[in-house]
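Have a look at the structure below, then the notes.
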Amino acid sequence: MTTLSVDSYVPGGSLLHRWDPRLKLISLLALMFAFATVQHLTLVPAMATLSLGLYAAARLPLGLWRQRLSYPGLLILGLVLVLPFSLGPTVIWQWGGVALRQEGLVASALMAGRFLSILTLGLILLATTPFLSLLQAMRRLGLPVILTDMTLLTYRYLYEIADTLATMQRAMQLRGFGQGPQAWLRLNRQVLEQRAMLAGNLLIRSYEQSERVYRAMRLRGHGQGHPGRRSDKMQTLTPLWGLTATLLGAALGLIMAEVALHHGYNGIGL
Amino acid sequence: MHIPDGILPAQVCVAGYAVTGLATWYSLGQINRRPDPSADIPKASLLTAAFFVASSIYIPLPPASVHLTLNGLLGVVLGYFAFPAIVIGLFFQALALGHGGLTSLGVNAAMMGLPALLAYHLFQARNSLGRPLREPARTGLFAFLGGALGVGLAVLIFLSLIILNIPAEVEAKAERAALLALSLSHLPLIGVEGLFTALLVLFLRRVKPELLEG
C-alpha cells in the first residue's frame, strides 16, 4: 500500500483543468460509454484520435499514462495475445501448429483500442480534477448523501489505516512471523490464523477509531439537521458549453456510426 | 478479479450500472429504516477503509500467493452497508490502482456486492438454520459458507461475463468447457477465502462480538 494514492490530480492550467467538473464528468463518461459500444475496427482510429487529442489538450505527462497501464494491462495483454491464435476460421499466416487468424486479430485490435481509449479518458478525468471536486460534482449530480459521506470518511482515514497495517506487519516480522526458508510457500492453519488475526485486529482498531470519530462528529453538530458551515458551493470554473456539446456530439456520432456499420455488417467486424 | 474497461460491450456496462443502482437504492433504503442511520456511517466508512487495506494482505497459496477479495466477510460484518462499501472500495481501486475501470464499475460492483448481500443473509440465518449446531461451530460454519459463497459467486459471475462477452465466434460447447475448467481452478481460492473468513469471524466473536451485529 506504499504507493497508494486515490487522488491522481496533476495541477495545471489547461482548458480541461478549468472545465466545470460536472460537465466534464458527464461529457467524458458519455464518450467512454460511446467507446464501449464500438464493435468495428474502422471506428478505432476516430476513438484513438479523440482520446489522444484530449490528452494532449490536458497537457498531462506521458509517464502518467504509461504508469496507469501497468496493472489493468495484464488481463488485456493476455487476451490480446491469445485471441489472434485461437479465434475464428480464417487463417492468414501459419507456422507449424501456430496459426494467426483474422477474426482473432480483429477482436484483439478492437479490445486493445477500446481499452486504451477509455483508459486515456478516465485518466484525463482524474488527472485534471481534484478528488474532492469530483466527489462534490457527483454529489451535485444527485449521488446520495450517505454515499458521499462514506466516500469522504473512507478517503480521510484510508492512509491512516494503511499506515496502521504497515506498522502491524513490521511488528509481526520483528517478532519472527512469516520468516524462515520459503515461508511464502507454506499454507497451514497457523499461517492462515496469523493473517486472519492481523486483518481482525485492523478491523477492531478501525471500529474503535470510528466510535471516537462519531462522538467528535456529534459534538460538531453532525446529524442535527444543520449543515453548519459546510459549503456546497463549487469552485468557480468555466462551464465550456462548446467543448461539452462537441464531446456529447462526438459520443452520439460514434454510436450512430456504430449502428450504421452494424446494419452494413461485413461478417468479420471490419 | 476486476473487469477492466474495453472488454465488455456498452450494453453490459449500462446493465451493470442499472443493477448496482438498484442494489444501492435497496441497501440505502434498509439503512434509512434504522433509528439513526447517520450513527453507523463512521463505522461503515472506517471499516470500508480497513477492508480496502486488508485486501492487500497476501495469503500463500502454493505455488503463488493471492490477495483475498473479502466480499463475503464484508457482507457478514457490514450487513446492508456492504454494498455501498464495495461500490466505494472499487471506485477507490479504479482511481488509486487502476484495477477495474469507470465504465465497468457497475458490473464489478454488482459482481462483488450481490454475493456480499447474500453472504450477509446466509450468516444471519445461522440462528434459524444452524440451531442444531453448538457455538462456536455454528458461527464458524456459517462464516465459512458466507466467505466461500461471496467469492465463489463472484468468480462465477466474473468468468461468465468474460467468456460469454469476448469471442463471438467461439462455440457454445467450448465456452461451457472453459467456464467449467476455470471455475474448478478457483476452488482452492474459494476454500481459502471461506476458511479465512471463518477464522477471522471466530476471532471477532471472541474479542469484539458487537462487530458481528451487522
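Here, A, B, ... name the chains of the C-alpha cells in the order displayed, residue numbers run from 1 inside each chain, and ligands are numbered from 1 in the same displayed order.
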
(message) Taking only C-alpha atoms into account, find every residue of chain A that has an atom no more than 7 Å from chain B, and write it out as a ChimeraX atom specification.
(response) /A:4-6,32-33,36-37,68,71-72,87-88,111,114-115,118-119,122,147,150-151,153-154,157-158,161-162,184-187,192-193,196-197,199-200,202-203,206-207,210-211,213-214,223

(message) With DSSP run on the backbone, what are the alpha helix (DSSP H) residues within stretch 11-178 of chain B? I'd like them as a PyMOL selection string.
(response) chain B and resi 11-32+41-54+71-78+82-96+105-124+126-129+137-165+172-178

Secondary structure check, strand (DSSP E) residues of stretch 15-95 of chain B, as a tab-separated table (two decimals) with N, CA and C atoms, in the first residue's frame:
```tsv
chain	number	residue	atom	x	y	z
B	58	TYR	N	-1.42	-10.60	1.71
B	58	TYR	CA	-1.35	-11.76	0.82
B	58	TYR	C	-1.41	-13.06	1.64
B	59	ILE	N	-1.99	-14.06	1.00
B	59	ILE	CA	-2.11	-15.39	1.60
B	59	ILE	C	-1.33	-16.35	0.72
B	60	PRO	N	-0.39	-17.13	1.28
B	60	PRO	CA	0.33	-18.08	0.42
B	60	PRO	C	-0.60	-19.18	-0.07
B	61	LEU	N	-0.64	-19.36	-1.39
B	61	LEU	CA	-1.43	-20.45	-1.99
B	61	LEU	C	-0.50	-21.09	-3.02
B	64	ALA	N	1.90	-19.91	-5.67
B	64	ALA	CA	1.94	-18.44	-5.71
B	64	ALA	C	1.34	-17.90	-4.41
B	65	SER	N	1.02	-16.63	-4.38
B	65	SER	CA	0.29	-16.08	-3.25
B	65	SER	C	-0.86	-15.25	-3.80
B	66	VAL	N	-1.94	-15.14	-3.02
B	66	VAL	CA	-3.13	-14.45	-3.53
B	66	VAL	C	-3.58	-13.36	-2.54
B	67	HIS	N	-4.28	-12.39	-3.08
B	67	HIS	CA	-4.96	-11.40	-2.24
B	67	HIS	C	-6.43	-11.80	-2.20
```

(message) List as an MDAnalysis selection string the protein and nucleic acid residues near stretch 145-148 of chain B, meaning an atom at most 9 Å away when only C-alpha atoms are counted, but skip any in the same chain fewer than 5 places from it.
(response) chainID B and resid 70:76 115:116 118:123 140 153 189:198

Export of prior selection with N, CA and C atoms as a short mmCIF file (atom, residue, chain, number, x, y, z; two decimals), in the first residue's frame:
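Saved file out-v7.cif follows:
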```
data_model
loop_
_atom_site.label_atom_id
_atom_site.label_comp_id
_atom_site.auth_asym_id
_atom_site.auth_seq_id
_atom_site.Cartn_x
_atom_site.Cartn_y
_atom_site.Cartn_z
N LEU B 70 -12.49 -10.69 0.04
CA LEU B 70 -13.15 -10.34 1.31
C LEU B 70 -14.58 -9.83 1.14
N ASN B 71 -15.22 -10.07 -0.01
CA ASN B 71 -16.59 -9.55 -0.17
C ASN B 71 -17.59 -10.29 0.72
N GLY B 72 -17.38 -11.60 0.92
CA GLY B 72 -18.27 -12.34 1.83
C GLY B 72 -18.12 -11.83 3.25
N LEU B 73 -16.88 -11.58 3.66
CA LEU B 73 -16.61 -11.06 5.01
C LEU B 73 -17.23 -9.67 5.18
N LEU B 74 -17.14 -8.86 4.13
CA LEU B 74 -17.76 -7.53 4.16
C LEU B 74 -19.26 -7.65 4.43
N GLY B 75 -19.90 -8.59 3.74
CA GLY B 75 -21.33 -8.80 3.95
C GLY B 75 -21.62 -9.23 5.37
N VAL B 76 -20.81 -10.16 5.90
CA VAL B 76 -21.02 -10.68 7.25
C VAL B 76 -20.90 -9.57 8.29
N PRO B 115 -23.16 -10.95 -4.21
CA PRO B 115 -22.77 -12.09 -3.36
C PRO B 115 -22.53 -11.67 -1.89
N ALA B 116 -22.07 -10.43 -1.68
CA ALA B 116 -21.84 -9.96 -0.30
C ALA B 116 -23.17 -9.87 0.45
N LEU B 118 -25.84 -11.61 -0.22
CA LEU B 118 -26.29 -12.99 0.01
C LEU B 118 -25.53 -13.61 1.20
N ALA B 119 -24.22 -13.30 1.27
CA ALA B 119 -23.40 -13.81 2.38
C ALA B 119 -23.93 -13.29 3.71
N TYR B 120 -24.35 -12.02 3.72
CA TYR B 120 -24.91 -11.41 4.94
C TYR B 120 -26.17 -12.17 5.38
N HIS B 121 -27.08 -12.42 4.41
CA HIS B 121 -28.32 -13.11 4.76
C HIS B 121 -28.05 -14.55 5.20
N LEU B 122 -27.09 -15.17 4.56
CA LEU B 122 -26.73 -16.54 4.94
C LEU B 122 -26.18 -16.56 6.37
N PHE B 123 -25.32 -15.59 6.69
CA PHE B 123 -24.74 -15.54 8.04
C PHE B 123 -25.82 -15.23 9.08
N GLY B 140 -18.75 -20.37 13.12
CA GLY B 140 -17.63 -20.70 12.23
C GLY B 140 -18.12 -21.25 10.91
N LEU B 153 -19.46 -17.03 -5.85
CA LEU B 153 -20.41 -16.42 -6.79
C LEU B 153 -19.74 -15.35 -7.63
N LEU B 189 -9.01 -21.34 -4.03
CA LEU B 189 -9.16 -19.95 -3.58
C LEU B 189 -10.45 -19.79 -2.78
N ILE B 190 -11.52 -20.41 -3.25
CA ILE B 190 -12.82 -20.33 -2.56
C ILE B 190 -12.69 -20.96 -1.17
N GLY B 191 -12.00 -22.09 -1.10
CA GLY B 191 -11.80 -22.76 0.19
C GLY B 191 -10.99 -21.90 1.15
N VAL B 192 -9.92 -21.31 0.63
CA VAL B 192 -9.06 -20.47 1.49
C VAL B 192 -9.82 -19.24 1.98
N GLU B 193 -10.59 -18.63 1.09
CA GLU B 193 -11.35 -17.44 1.48
C GLU B 193 -12.40 -17.79 2.56
N GLY B 194 -13.05 -18.95 2.38
CA GLY B 194 -14.04 -19.39 3.38
C GLY B 194 -13.39 -19.64 4.72
N LEU B 195 -12.25 -20.31 4.70
CA LEU B 195 -11.52 -20.62 5.94
C LEU B 195 -11.04 -19.34 6.63
N PHE B 196 -10.50 -18.43 5.82
CA PHE B 196 -10.00 -17.15 6.35
C PHE B 196 -11.16 -16.39 7.01
N THR B 197 -12.31 -16.36 6.34
CA THR B 197 -13.49 -15.65 6.89
C THR B 197 -13.91 -16.30 8.21
N ALA B 198 -13.92 -17.63 8.24
CA ALA B 198 -14.34 -18.33 9.47
C ALA B 198 -13.39 -18.01 10.62
#
```

(message) Please determine, counting only C-alpha atoms, which residue among B:Leu164, B:Leu114, B:Ala125, B:Ile157 has the shortest atom-to-atom distance to B:Ala23.
(response) B:Leu114

Close residues, A:Leu105 itself excluded, 12 Å, only C-alpha atoms, min 6 positions apart in chain, as a PDB file with N, CA and C atoms, in the first residue's frame:
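Resulting contents of around_38.pdb:
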```
ATOM      1  N   LEU A  41     -13.685  -2.127 -36.397  1.00  0.00           N
ATOM      2  CA  LEU A  41     -12.301  -1.648 -36.388  1.00  0.00           C
ATOM      3  C   LEU A  41     -12.158  -0.278 -37.044  1.00  0.00           C
ATOM      4  N   LEU A  79      -5.407 -11.439 -23.142  1.00  0.00           N
ATOM      5  CA  LEU A  79      -6.449 -11.668 -24.148  1.00  0.00           C
ATOM      6  C   LEU A  79      -5.968 -11.271 -25.547  1.00  0.00           C
ATOM      7  N   VAL A  80      -5.277 -10.124 -25.614  1.00  0.00           N
ATOM      8  CA  VAL A  80      -4.803  -9.623 -26.909  1.00  0.00           C
ATOM      9  C   VAL A  80      -3.782 -10.576 -27.525  1.00  0.00           C
ATOM     10  N   LEU A  81      -3.001 -11.252 -26.688  1.00  0.00           N
ATOM     11  CA  LEU A  81      -2.005 -12.187 -27.206  1.00  0.00           C
ATOM     12  C   LEU A  81      -2.604 -13.551 -27.564  1.00  0.00           C
ATOM     13  N   VAL A  82      -3.642 -13.963 -26.828  1.00  0.00           N
ATOM     14  CA  VAL A  82      -4.206 -15.311 -27.043  1.00  0.00           C
ATOM     15  C   VAL A  82      -5.217 -15.338 -28.193  1.00  0.00           C
ATOM     16  N   LEU A  83      -6.085 -14.314 -28.245  1.00  0.00           N
ATOM     17  CA  LEU A  83      -7.188 -14.336 -29.226  1.00  0.00           C
ATOM     18  C   LEU A  83      -6.739 -14.494 -30.689  1.00  0.00           C
ATOM     19  N   PRO A  84      -5.691 -13.783 -31.174  1.00  0.00           N
ATOM     20  CA  PRO A  84      -5.328 -13.929 -32.595  1.00  0.00           C
ATOM     21  C   PRO A  84      -4.936 -15.350 -32.977  1.00  0.00           C
ATOM     22  N   PHE A  85      -4.546 -16.166 -32.026  1.00  0.00           N
ATOM     23  CA  PHE A  85      -4.116 -17.528 -32.331  1.00  0.00           C
ATOM     24  C   PHE A  85      -5.197 -18.572 -32.030  1.00  0.00           C
ATOM     25  N   SER A  86      -6.331 -18.126 -31.518  1.00  0.00           N
ATOM     26  CA  SER A  86      -7.317 -19.124 -31.104  1.00  0.00           C
ATOM     27  C   SER A  86      -8.726 -18.860 -31.620  1.00  0.00           C
ATOM     28  N   LEU A  87      -8.963 -17.709 -32.216  1.00  0.00           N
ATOM     29  CA  LEU A  87     -10.340 -17.330 -32.544  1.00  0.00           C
ATOM     30  C   LEU A  87     -10.579 -17.209 -34.056  1.00  0.00           C
ATOM     31  N   GLY A  88     -11.586 -17.896 -34.563  1.00  0.00           N
ATOM     32  CA  GLY A  88     -12.004 -17.738 -35.957  1.00  0.00           C
ATOM     33  C   GLY A  88     -11.426 -18.776 -36.906  1.00  0.00           C
ATOM     34  N   PRO A  89     -12.108 -18.950 -38.072  1.00  0.00           N
ATOM     35  CA  PRO A  89     -11.674 -19.987 -39.027  1.00  0.00           C
ATOM     36  C   PRO A  89     -10.677 -19.481 -40.093  1.00  0.00           C
ATOM     37  N   THR A  90     -10.579 -18.127 -40.297  1.00  0.00           N
ATOM     38  CA  THR A  90      -9.767 -17.595 -41.400  1.00  0.00           C
ATOM     39  C   THR A  90      -8.290 -17.481 -41.012  1.00  0.00           C
ATOM     40  N   VAL A  91      -7.476 -18.414 -41.509  1.00  0.00           N
ATOM     41  CA  VAL A  91      -6.038 -18.397 -41.186  1.00  0.00           C
ATOM     42  C   VAL A  91      -5.328 -17.469 -42.172  1.00  0.00           C
ATOM     43  N   ILE A  92      -4.583 -16.472 -41.650  1.00  0.00           N
ATOM     44  CA  ILE A  92      -3.881 -15.559 -42.568  1.00  0.00           C
ATOM     45  C   ILE A  92      -2.373 -15.809 -42.573  1.00  0.00           C
ATOM     46  N   TRP A  93      -1.885 -16.588 -41.608  1.00  0.00           N
ATOM     47  CA  TRP A  93      -0.449 -16.924 -41.564  1.00  0.00           C
ATOM     48  C   TRP A  93      -0.303 -18.172 -40.706  1.00  0.00           C
ATOM     49  N   ALA A  99      -1.252 -20.850 -35.855  1.00  0.00           N
ATOM     50  CA  ALA A  99      -1.953 -20.168 -36.949  1.00  0.00           C
ATOM     51  C   ALA A  99      -2.499 -18.826 -36.471  1.00  0.00           C
ATOM     52  N   MET A 111     -10.394  -4.734 -28.953  1.00  0.00           N
ATOM     53  CA  MET A 111     -10.343  -4.721 -27.489  1.00  0.00           C
ATOM     54  C   MET A 111      -9.251  -3.773 -26.996  1.00  0.00           C
ATOM     55  N   ALA A 112      -8.082  -3.855 -27.625  1.00  0.00           N
ATOM     56  CA  ALA A 112      -6.972  -3.001 -27.219  1.00  0.00           C
ATOM     57  C   ALA A 112      -7.317  -1.536 -27.481  1.00  0.00           C
ATOM     58  N   ILE A 268     -16.827  -9.840 -40.509  1.00  0.00           N
ATOM     59  CA  ILE A 268     -15.643 -10.032 -39.667  1.00  0.00           C
ATOM     60  C   ILE A 268     -15.330  -8.801 -38.818  1.00  0.00           C
ATOM     61  N   GLY A 269     -16.267  -7.910 -38.681  1.00  0.00           N
ATOM     62  CA  GLY A 269     -16.101  -6.779 -37.788  1.00  0.00           C
ATOM     63  C   GLY A 269     -15.230  -5.665 -38.341  1.00  0.00           C
ATOM     64  N   LEU A 270     -14.885  -5.707 -39.620  1.00  0.00           N
ATOM     65  CA  LEU A 270     -14.067  -4.643 -40.188  1.00  0.00           C
ATOM     66  C   LEU A 270     -14.949  -3.462 -40.642  1.00  0.00           C
TER      67      LEU A 270
ATOM     68  N   PRO B 167     -15.295 -13.594 -27.239  1.00  0.00           N
ATOM     69  CA  PRO B 167     -15.204 -14.042 -28.619  1.00  0.00           C
ATOM     70  C   PRO B 167     -16.542 -14.489 -29.179  1.00  0.00           C
TER      71      PRO B 167
END
```

(message) At a cut-off of 9 Å, using only C-alpha atoms, what residues contact B:Val155? Leave out same-chain residues fewer than 2 positions from it and give the result as a list in words.
(response) Met1, Met111, Met112, Gly150, Val151, Gly152, Leu153, Ile157, Phe158, Leu159, Ser160, Ser183, His186 and Ile190 of chain B

(request) Quote the spacing between atom CA of A:Leu134 and atom CA of A:Trp19 in Å to one decimal place. (result)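 Value for the atom CA of A:Leu134-atom CA of A:Trp19 distance: 11.7 Å.
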
(message) Between B:Asn165, B:Ser185, B:Thr139, B:Gln124, which residue has the minimum interatomic distance to A:Ala107, considering only C-alpha atoms?
(response) B:Asn165

(request) Have a look at atom CA of A:Ala57 and atom CA of A:Gly242 and let me know their distance in Å, one decimal. (result) 14.8 Å
